[in-house]
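protein_31.cif (mmCIF, C-alpha atoms) appears below.
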data_my_file
loop_
_atom_site.label_atom_id
_atom_site.label_comp_id
_atom_site.auth_asym_id
_atom_site.auth_seq_id
_atom_site.Cartn_x
_atom_site.Cartn_y
_atom_site.Cartn_z
CA MET A 21 -35.62 8.97 -3.63
CA ILE A 22 -36.86 5.40 -3.34
CA ASN A 23 -34.54 2.65 -2.12
CA THR A 24 -35.97 -0.21 -4.21
CA LEU A 25 -34.45 -0.87 -7.61
CA GLN A 26 -36.84 -0.59 -10.54
CA GLN A 27 -36.22 -3.21 -13.26
CA PHE A 28 -37.79 -3.38 -16.72
CA THR A 29 -37.67 -5.61 -19.79
CA ASP A 30 -39.24 -3.12 -22.21
CA LEU A 31 -38.13 0.34 -23.27
CA PRO A 32 -40.40 3.25 -22.35
CA ALA A 33 -42.06 4.95 -25.32
CA GLY A 34 -40.02 7.94 -26.41
CA LEU A 35 -36.66 6.74 -25.07
CA LEU A 36 -35.07 6.47 -28.51
CA ASP A 37 -35.80 10.15 -29.21
CA SER A 38 -35.40 11.70 -25.76
CA SER A 39 -32.67 14.12 -24.77
CA ALA A 40 -30.71 13.53 -21.59
CA GLU A 41 -32.34 16.64 -20.10
CA ASN A 42 -35.84 15.23 -20.68
CA LEU A 43 -35.08 11.64 -19.70
CA HIS A 44 -36.40 12.21 -16.17
CA GLN A 45 -39.91 12.45 -17.64
CA LEU A 46 -39.61 8.81 -18.81
CA ILE A 47 -37.30 7.48 -16.09
CA PRO A 48 -37.72 9.63 -12.96
CA GLN A 49 -35.78 7.23 -10.71
CA PRO A 50 -32.64 5.15 -11.25
CA ALA A 51 -33.66 2.11 -13.28
CA LEU A 52 -32.18 -1.11 -14.64
CA PHE A 53 -33.29 -2.49 -18.01
CA HIS A 54 -32.74 -6.00 -19.42
CA LEU A 55 -33.03 -6.74 -23.13
CA PRO A 56 -32.59 -10.27 -24.54
CA GLY A 57 -30.00 -11.28 -27.12
CA LYS A 58 -28.65 -14.23 -29.05
CA ARG A 59 -25.50 -15.02 -27.07
CA PRO A 60 -25.65 -16.42 -23.54
CA ASP A 61 -23.53 -13.74 -21.84
CA THR A 62 -24.75 -10.23 -21.06
CA LEU A 63 -23.14 -6.84 -21.64
CA PHE A 64 -23.78 -4.42 -18.77
CA VAL A 65 -23.72 -0.66 -19.43
CA SER A 66 -24.15 2.18 -16.94
CA VAL A 67 -24.78 5.77 -18.00
CA LEU A 68 -25.57 9.11 -16.39
CA LEU A 69 -24.03 8.29 -13.03
CA HIS A 70 -23.15 11.96 -13.32
CA GLY A 71 -25.99 14.04 -14.70
CA ASN A 72 -23.79 16.43 -16.66
CA GLU A 73 -22.10 13.62 -18.61
CA PRO A 74 -24.61 12.63 -21.33
CA THR A 75 -22.30 10.92 -23.85
CA GLY A 76 -22.95 7.46 -22.41
CA PHE A 77 -26.69 7.92 -22.74
CA LEU A 78 -26.35 9.16 -26.33
CA ALA A 79 -24.09 6.24 -27.28
CA LEU A 80 -26.47 3.72 -25.70
CA GLN A 81 -29.43 5.42 -27.37
CA ARG A 82 -27.65 5.12 -30.73
CA LEU A 83 -27.08 1.42 -30.08
CA LEU A 84 -30.74 0.87 -29.24
CA GLN A 85 -31.79 2.78 -32.35
CA LYS A 86 -29.56 0.57 -34.53
CA TYR A 87 -31.11 -2.64 -33.21
CA HIS A 88 -34.65 -1.36 -32.81
CA ARG A 89 -37.12 -4.17 -33.59
CA GLN A 90 -34.24 -6.65 -33.86
CA ILE A 91 -32.86 -9.27 -31.49
CA LEU A 92 -29.59 -7.99 -30.06
CA PRO A 93 -26.45 -10.00 -30.83
CA ARG A 94 -26.08 -10.52 -27.07
CA PRO A 95 -28.25 -9.52 -24.09
CA VAL A 96 -27.74 -6.01 -22.75
CA SER A 97 -28.54 -4.80 -19.26
CA PHE A 98 -28.22 -1.06 -18.79
CA PHE A 99 -28.58 1.27 -15.85
CA PHE A 100 -29.75 4.88 -16.01
CA GLY A 101 -28.38 6.70 -12.98
CA ASN A 102 -29.01 10.30 -11.98
CA THR A 103 -31.71 11.41 -14.43
CA GLN A 104 -32.85 14.15 -12.03
CA ALA A 105 -29.40 15.77 -12.12
CA ALA A 106 -29.33 15.34 -15.91
CA ARG A 107 -32.49 17.46 -16.05
CA LEU A 108 -30.43 20.40 -14.82
CA ASN A 109 -27.13 19.35 -16.43
CA LEU A 110 -25.48 18.94 -13.01
CA ARG A 111 -23.09 16.27 -11.79
CA ARG A 112 -25.40 15.69 -8.82
CA LEU A 113 -28.05 17.66 -6.99
CA ASP A 114 -27.32 19.32 -3.67
CA GLY A 115 -27.96 16.79 -0.94
CA GLN A 116 -27.35 13.82 -3.22
CA PRO A 117 -24.33 11.54 -2.92
CA ASP A 118 -22.14 11.04 -5.96
CA PHE A 119 -23.75 8.18 -7.92
CA ASN A 120 -20.27 6.84 -8.74
CA ARG A 121 -19.16 6.65 -5.12
CA VAL A 122 -22.04 4.62 -3.61
CA TRP A 123 -21.39 1.16 -5.08
CA PRO A 124 -20.38 -1.86 -2.95
CA GLY A 125 -17.01 -1.14 -1.38
CA THR A 126 -17.92 2.48 -0.67
CA ALA A 127 -16.96 4.27 2.51
CA LEU A 128 -20.04 6.48 2.31
CA PRO A 129 -22.87 6.00 4.83
CA GLU A 130 -26.09 4.12 4.15
CA SER A 131 -28.42 5.84 1.67
CA PRO A 132 -31.20 4.95 -0.79
CA GLU A 133 -28.69 5.30 -3.64
CA ARG A 134 -26.32 2.88 -1.96
CA GLN A 135 -29.11 0.35 -1.46
CA ILE A 136 -30.01 0.55 -5.14
CA THR A 137 -26.44 -0.15 -6.26
CA GLU A 138 -26.30 -3.16 -3.96
CA GLN A 139 -29.47 -4.49 -5.59
CA ILE A 140 -27.99 -3.93 -9.07
CA VAL A 141 -24.86 -5.90 -8.22
CA ALA A 142 -26.94 -8.70 -6.69
CA ALA A 143 -29.15 -8.86 -9.81
CA MET A 144 -26.23 -8.87 -12.25
CA ARG A 145 -24.27 -11.49 -10.30
CA GLN A 146 -27.07 -13.88 -11.20
CA ARG A 147 -26.35 -13.44 -14.92
CA LYS A 148 -23.41 -14.60 -16.95
CA LEU A 149 -21.64 -11.36 -17.83
CA PHE A 150 -19.48 -10.64 -20.84
CA ALA A 151 -18.25 -7.28 -19.51
CA SER A 152 -19.26 -4.09 -17.72
CA ILE A 153 -18.85 -0.66 -19.31
CA ASP A 154 -19.43 2.60 -17.43
CA ILE A 155 -19.39 5.71 -19.64
CA HIS A 156 -18.38 9.20 -18.53
CA ASN A 157 -17.29 12.61 -19.77
CA ASN A 158 -14.57 14.97 -18.58
CA THR A 159 -15.13 18.61 -17.79
CA GLY A 160 -11.52 19.56 -18.59
CA LEU A 161 -9.31 19.07 -21.62
CA ASN A 162 -8.54 15.35 -21.61
CA PRO A 163 -8.01 12.75 -24.32
CA HIS A 164 -10.23 9.69 -24.50
CA TYR A 165 -9.04 6.88 -22.25
CA ALA A 166 -10.25 3.81 -20.39
CA CYS A 167 -9.89 3.17 -16.66
CA VAL A 168 -9.42 -0.27 -15.12
CA ASN A 169 -9.38 -1.41 -11.51
CA LYS A 170 -7.37 -4.57 -12.14
CA LEU A 171 -4.32 -5.25 -14.30
CA ASP A 172 -5.61 -8.66 -15.39
CA ASN A 173 -5.23 -9.33 -19.10
CA ASP A 174 -8.97 -9.36 -19.88
CA PHE A 175 -9.37 -5.92 -18.27
CA LEU A 176 -6.46 -4.54 -20.28
CA GLN A 177 -7.73 -6.09 -23.50
CA LEU A 178 -11.20 -4.64 -22.93
CA GLY A 179 -9.74 -1.20 -22.26
CA ALA A 180 -7.49 -1.43 -25.30
CA LEU A 181 -10.55 -1.96 -27.51
CA PHE A 182 -11.35 1.68 -26.69
CA GLY A 183 -7.80 3.01 -27.15
CA ARG A 184 -4.17 2.64 -26.19
CA LEU A 185 -4.36 5.04 -23.23
CA LEU A 186 -5.31 3.26 -19.98
CA VAL A 187 -5.43 4.39 -16.35
CA HIS A 188 -5.33 1.94 -13.43
CA PHE A 189 -6.95 3.09 -10.18
CA THR A 190 -8.21 1.65 -6.92
CA HIS A 191 -9.25 4.94 -5.30
CA PRO A 192 -11.76 6.57 -4.88
CA LYS A 193 -13.80 3.75 -3.40
CA GLY A 194 -17.38 2.93 -4.29
CA THR A 195 -17.14 3.22 -8.07
CA GLN A 196 -19.31 1.16 -10.39
CA SER A 197 -16.37 -0.35 -12.24
CA ALA A 198 -14.65 -1.47 -9.04
CA ALA A 199 -17.82 -3.18 -7.81
CA PHE A 200 -18.27 -5.09 -11.09
CA ALA A 201 -14.55 -5.88 -11.35
CA GLU A 202 -15.11 -8.42 -8.59
CA PHE A 203 -17.00 -10.71 -10.98
CA CYS A 204 -16.41 -9.64 -14.61
CA PRO A 205 -14.07 -7.56 -16.80
CA ALA A 206 -14.98 -3.93 -16.23
CA VAL A 207 -13.87 -0.58 -17.64
CA THR A 208 -14.77 3.07 -17.28
CA LEU A 209 -14.71 5.06 -20.51
CA GLU A 210 -13.70 8.71 -20.35
CA CYS A 211 -15.03 10.24 -23.55
CA GLY A 212 -13.84 13.83 -23.48
CA ARG A 213 -16.11 16.79 -22.99
CA PRO A 214 -19.90 16.56 -23.35
CA GLY A 215 -21.41 17.63 -26.64
CA GLN A 216 -18.66 16.25 -28.86
CA GLU A 217 -19.92 13.92 -31.59
CA TYR A 218 -16.66 11.99 -31.62
CA GLY A 219 -17.15 11.03 -27.98
CA THR A 220 -20.60 9.60 -28.66
CA GLU A 221 -19.42 7.73 -31.76
CA HIS A 222 -16.33 6.37 -30.00
CA ALA A 223 -18.38 4.97 -27.11
CA PHE A 224 -21.02 3.60 -29.49
CA GLU A 225 -18.37 1.78 -31.53
CA LEU A 226 -17.07 0.00 -28.44
CA LEU A 227 -20.57 -0.97 -27.30
CA ASP A 228 -21.39 -2.31 -30.75
CA SER A 229 -18.12 -4.23 -30.90
CA CYS A 230 -18.86 -5.83 -27.53
CA LEU A 231 -22.17 -7.10 -28.86
CA HIS A 232 -20.41 -9.01 -31.63
CA LEU A 233 -17.22 -10.28 -30.00
CA ALA A 234 -17.35 -13.97 -29.20
CA GLU A 235 -14.94 -13.32 -26.34
CA ILE A 236 -12.48 -10.75 -25.06
CA PRO A 237 -9.07 -11.51 -26.64
CA SER A 238 -7.22 -13.96 -24.41
CA HIS A 239 -3.68 -13.54 -25.77
CA ARG A 240 -1.39 -11.48 -23.57
CA ILE A 241 -1.56 -7.82 -24.48
CA ALA A 242 1.62 -6.45 -26.03
CA LYS A 243 3.42 -3.74 -24.09
CA GLN A 244 3.75 -1.59 -27.19
CA ASP A 245 -0.01 -1.62 -27.75
CA ILE A 246 -0.93 0.40 -24.66
CA ASP A 247 0.26 3.29 -22.54
CA ILE A 248 -0.81 2.62 -18.97
CA TYR A 249 -0.68 4.90 -15.96
CA HIS A 250 -1.44 4.37 -12.30
CA THR A 251 -3.22 6.93 -10.14
CA ALA A 252 -0.71 7.89 -7.46
CA ALA A 253 -2.83 10.53 -5.72
CA GLN A 254 -6.20 12.23 -5.73
CA VAL A 255 -5.90 15.96 -5.04
CA THR A 256 -8.75 17.85 -3.41
CA ILE A 257 -9.16 21.40 -2.14
CA ALA A 258 -9.14 21.56 1.67
CA ASP A 259 -12.69 22.01 2.99
CA ASP A 260 -11.79 25.21 4.84
CA ALA A 261 -9.85 26.74 1.93
CA THR A 262 -11.26 29.01 -0.75
CA PHE A 263 -10.08 28.76 -4.35
CA SER A 264 -10.76 30.57 -7.59
CA PHE A 265 -9.61 31.09 -11.16
CA SER A 266 -10.70 34.72 -11.08
CA GLU A 267 -10.47 36.06 -7.51
CA GLU A 268 -6.87 36.76 -6.57
CA THR A 269 -7.78 37.10 -2.87
CA ALA A 270 -8.81 33.42 -2.57
CA ASP A 271 -6.69 31.11 -0.46
CA LEU A 272 -5.66 29.46 -3.72
CA PHE A 273 -5.66 31.45 -6.95
CA LEU A 274 -5.30 28.79 -9.63
CA ASN A 275 -3.64 29.31 -13.00
CA HIS A 276 -6.34 29.89 -15.63
CA ASP A 277 -4.73 27.52 -18.15
CA LEU A 278 -4.36 24.67 -15.67
CA GLU A 279 -6.42 22.14 -17.64
CA ARG A 280 -3.90 22.22 -20.49
CA MET A 281 -1.59 20.19 -18.26
CA ASN A 282 -3.86 17.13 -18.45
CA PHE A 283 -2.04 14.01 -19.67
CA THR A 284 1.19 15.97 -19.96
CA ASP A 285 4.38 15.08 -18.12
CA ILE A 286 5.01 18.04 -15.84
CA SER A 287 8.25 18.50 -13.98
CA ALA A 288 9.06 19.12 -10.34
CA GLY A 289 8.90 22.83 -9.60
CA THR A 290 5.82 23.49 -11.75
CA VAL A 291 3.64 26.23 -10.24
CA LEU A 292 -0.10 25.48 -10.16
CA GLY A 293 -1.28 28.67 -8.52
CA LYS A 294 -0.77 31.46 -6.02
CA THR A 295 -1.42 30.99 -2.31
CA ASN A 296 -2.41 33.66 0.19
CA HIS A 297 -1.60 31.75 3.38
CA GLY A 298 1.33 29.75 4.65
CA ARG A 299 -0.52 26.43 4.81
CA LEU A 300 -1.17 24.11 1.89
CA PRO A 301 -4.72 24.62 0.54
CA VAL A 302 -4.81 21.18 -1.14
CA ILE A 303 -4.86 17.62 0.17
CA ALA A 304 -3.35 14.69 -1.74
CA LYS A 305 -4.23 11.13 -0.77
CA ASN A 306 -2.85 7.92 -2.21
CA GLU A 307 -4.76 4.77 -3.11
CA GLN A 308 -4.75 3.66 0.52
CA GLY A 309 -6.31 6.95 1.61
CA GLU A 310 -3.08 8.09 3.26
CA ASP A 311 -2.16 11.77 3.26
CA VAL A 312 0.75 12.27 0.84
CA THR A 313 0.34 16.02 0.38
CA SER A 314 3.90 16.90 1.37
CA ARG A 315 5.24 14.30 -1.04
CA PHE A 316 3.65 16.06 -4.00
CA PHE A 317 3.22 19.71 -2.99
CA SER A 318 4.89 22.57 -1.18
CA ASN A 319 3.86 26.14 -0.47
CA ASP A 320 6.88 28.26 -1.29
CA ALA A 321 6.95 32.05 -1.71
CA GLN A 322 3.13 32.08 -1.88
CA GLN A 323 3.08 29.56 -4.71
CA LEU A 324 1.60 26.05 -4.87
CA ILE A 325 4.45 24.01 -6.29
CA LEU A 326 4.60 20.42 -7.50
CA ASN A 327 7.46 18.64 -5.72
CA ARG A 328 7.93 15.70 -8.07
CA PRO A 329 7.30 14.83 -11.72
CA ALA A 330 3.78 13.62 -12.44
CA MET A 331 1.06 13.50 -15.07
CA PRO A 332 -2.24 15.14 -14.03
CA SER A 333 -5.68 14.21 -15.29
CA MET A 334 -9.18 15.60 -14.72
CA LEU A 335 -7.99 19.18 -14.25
CA THR A 336 -10.92 21.43 -15.05
CA LEU A 337 -11.92 25.09 -14.81
CA ASP A 338 -15.36 24.15 -13.44
CA GLU A 339 -15.21 25.26 -9.80
CA ARG A 340 -18.41 23.43 -8.81
CA VAL A 341 -17.05 20.12 -10.11
CA ILE A 342 -13.72 20.71 -8.35
CA ARG A 343 -15.50 21.22 -5.03
CA GLN A 344 -17.85 18.27 -5.55
CA ASP A 345 -15.13 15.88 -6.71
CA CYS A 346 -11.48 16.87 -6.83
CA LEU A 347 -8.93 19.22 -8.34
CA CYS A 348 -7.16 16.44 -10.23
CA TYR A 349 -5.50 13.05 -10.14
CA LEU A 350 -1.74 12.67 -10.34
CA MET A 351 -0.53 9.68 -12.31
CA GLU A 352 2.71 7.81 -12.89
CA ARG A 353 3.54 5.49 -15.78
CA ILE A 354 3.71 1.80 -14.98
CA GLU A 355 5.30 -1.09 -16.86
CA LEU A 356 3.55 -4.43 -17.21
#
File written out as structure tokens:
Amino acid sequence: MINTLQQFTDLPAGLLDSSAENLHQLIPQPALFHLPGKRPDTLFVSVLLHGNEPTGFLALQRLLQKYHRQILPRPVSFFFGNTQAARLNLRRLDGQPDFNRVWPGTALPESPERQITEQIVAAMRQRKLFASIDIHNNTGLNPHYACVNKLDNDFLQLGALFGRLLVHFTHPKGTQSAAFAEFCPAVTLECGRPGQEYGTEHAFELLDSCLHLAEIPSHRIAKQDIDIYHTAAQVTIADDATFSFSEETADLFLNHDLERMNFTDISAGTVLGKTNHGRLPVIAKNEQGEDVTSRFFSNDAQQLILNRPAMPSMLTLDERVIRQDCLCYLMERIEL
């Protein structure tokens, strides 16, 4: 992994027809591309920060196909992240950091990936930016929604262009959207599971709209136009705890239909799984990184129980993703 950012102003031959799995043959390292356009302000797009989330790449590819051999309505700069993980359809390779945790503001140690993100931010700060859009997929059953790091009106308006469901978060640290939120409106799009045509089309429609908008709407967003939630806690499995959806002897035997709780109001007393030890096998941390496990969970009669009402997101049955990232986020509705 090199630690110098590669930047290009021309598309590599074959990009418009490549699959995400084969993209590493054209772009073996993280790379930033700049294409000119008619308007003065640039749209920034990042894709494949997680290699098993190809919808962003497919939506961007569709956009580039539409305007092939044309001048774009506004300049577009786009970043291809972990193409090596995409080759194997993995979130990240063993030994790699998470490409959406290494941006300025991260708590992770120095690495080549971190140096590249710092160079991207420095390069894009020199341009007048219209907005930043980072595109992802979910592994679990989740609706489409947009995430924002600030509750400023332009962030909310940008998110609402994608849909009425918005999530505000400030943790985990080191995300692309949080880094860009310091100098332009920024959103993260969560486009459902990979392989769904609607996810690609939905992301493409927003990208295309952003090329044509003269500006992000400046009027104050109406409360009835959005449903907005705040991330109250990130829930991870304790490092020394085992968990499973199939092995009942694991420290935490999770309910096999857990992901159906995503974006559903669940009540206090809801059982998430069976425990085989007296201690809590999960850790919940709030936006400040403080341990709030006992606020949200208890271990009662060998059951992992939710102590207070909440709305989970990102629940998945993919055990590798759970270990690499988290079990879920717990959200609470907020009023503007």
List every residue of segment 205-303 of chain A that has an atom at most 10 Å from any atom of segment 322-338 of chain A, and for each one report the closest atom pair and its distance in Å to one decimal, counting all atoms listed in the file, with rows sorted by chain and then by increasing residue number, as a tab-separated table.
residue	atom	partner	partner_atom	distance
A:Glu210	CA	A:Met334	CA	10.0
A:Tyr249	CA	A:Met331	CA	8.8
A:His250	CA	A:Met331	CA	9.9
A:Thr251	CA	A:Pro332	CA	9.1
A:Ala252	CA	A:Ala330	CA	8.8
A:Ala253	CA	A:Pro332	CA	9.5
A:Gln254	CA	A:Pro332	CA	9.6
A:Val255	CA	A:Pro332	CA	9.7
A:Ser264	CA	A:Leu337	CA	9.1
A:Phe265	CA	A:Leu337	CA	7.4
A:Asp271	CA	A:Gln322	CA	10.0
A:Leu272	CA	A:Leu324	CA	8.1
A:Phe273	CA	A:Gln323	CA	9.2
A:Leu274	CA	A:Leu324	CA	8.8
A:Asn275	CA	A:Leu337	CA	9.5
A:His276	CA	A:Leu337	CA	7.4
A:Asp277	CA	A:Leu337	CA	8.3
A:Leu278	CA	A:Leu335	CA	6.7
A:Glu279	CA	A:Leu335	CA	4.8
A:Arg280	CA	A:Leu335	CA	8.1
A:Met281	CA	A:Pro332	CA	6.6
A:Asn282	CA	A:Ser333	CA	4.7
A:Phe283	CA	A:Met331	CA	5.6
A:Thr284	CA	A:Met331	CA	5.5
A:Asp285	CA	A:Met331	CA	4.8
A:Ile286	CA	A:Pro329	CA	5.7
A:Ser287	CA	A:Pro329	CA	4.4
A:Ala288	CA	A:Arg328	CA	4.3
A:Gly289	CA	A:Leu326	CA	5.4
A:Thr290	CA	A:Leu326	CA	5.4
A:Val291	CA	A:Ile325	CA	4.6
A:Leu292	CA	A:Leu324	CA	5.6
A:Gly293	CA	A:Leu324	CA	5.3
A:Lys294	CA	A:Gln323	CA	4.5
A:Thr295	CA	A:Gln322	CA	4.7
A:Asn296	CA	A:Gln322	CA	6.1
A:His297	CA	A:Gln322	CA	7.1
A:Gly298	CA	A:Gln322	CA	7.2
A:Arg299	CA	A:Gln322	CA	9.5
A:Leu300	CA	A:Leu324	CA	7.6
A:Pro301	CA	A:Leu324	CA	8.4
A:Val302	CA	A:Leu324	CA	8.9
Resolved residues for the PyMOL selection byres ((chain A and resi 200) around 12) as JSON, numbers by chain: {"A": [63, 64, 65, 66, 123, 124, 125, 137, 138, 140, 141, 142, 143, 144, 145, 149, 150, 151, 152, 153, 154, 168, 169, 170, 175, 194, 195, 196, 197, 198, 199, 201, 202, 203, 204, 205, 206, 207, 208]}
Residue contacts of segment 103-107 of chain A (8 Å, all atoms listed in the file) excluding same-chain residues fewer than 3 positions away, as a VMD selection string: chain A and resid 40 to 44 47 to 50 68 70 to 74 100 110 to 113
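Straight-line separation from atom CA of Asn306 of chain A to atom CA of Ile342 of chain A: 17.9 Å.
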Evaluate the PyMOL selection byres ((chain A and resi 27) around 10) and report residues as a PyMOL selection string: chain A and resi 24-26+28-30+50-54+97-99+140+143
Give me a file of those residues, with C-alpha atoms, as a CSV table (one decimal), keeping the file's coordinate frame.
chain,number,residue,atom,x,y,z
A,24,THR,CA,-36.0,-0.2,-4.2
A,25,LEU,CA,-34.4,-0.9,-7.6
A,26,GLN,CA,-36.8,-0.6,-10.5
A,28,PHE,CA,-37.8,-3.4,-16.7
A,29,THR,CA,-37.7,-5.6,-19.8
A,30,ASP,CA,-39.2,-3.1,-22.2
A,50,PRO,CA,-32.6,5.2,-11.2
A,51,ALA,CA,-33.7,2.1,-13.3
A,52,LEU,CA,-32.2,-1.1,-14.6
A,53,PHE,CA,-33.3,-2.5,-18.0
A,54,HIS,CA,-32.7,-6.0,-19.4
A,97,SER,CA,-28.5,-4.8,-19.3
A,98,PHE,CA,-28.2,-1.1,-18.8
A,99,PHE,CA,-28.6,1.3,-15.8
A,140,ILE,CA,-28.0,-3.9,-9.1
A,143,ALA,CA,-29.2,-8.9,-9.8
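Evaluating the PyMOL selection byres ((chain A and resi 218-224) around 9) against the shown model yields A:Pro74, A:Thr75, A:Gly76, A:Phe77, A:Leu78, A:Ala79, A:Leu80, A:Gln81, A:Arg82, A:Leu83, A:Ile155, A:Asn157, A:His164, A:Phe182, A:Leu209, A:Glu210, A:Cys211, A:Gly212, A:Arg213, A:Pro214, A:Gly215, A:Gln216, A:Glu217, A:Glu225, A:Leu226, A:Leu227, A:Asp228, A:Ser229.
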Given all atoms listed in the file as the counted atoms, nearest of A:Ile303, A:Val341, A:Ile22, A:Leu161 to Asn109 of chain A: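 The shortest atom-to-atom distance to Asn109 of chain A comes from A:Val341.
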Point-to-point distance in Å for atom CA of Leu231 of chain A and atom CA of Arg147 of chain A: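 A separation of 15.9 Å between them.
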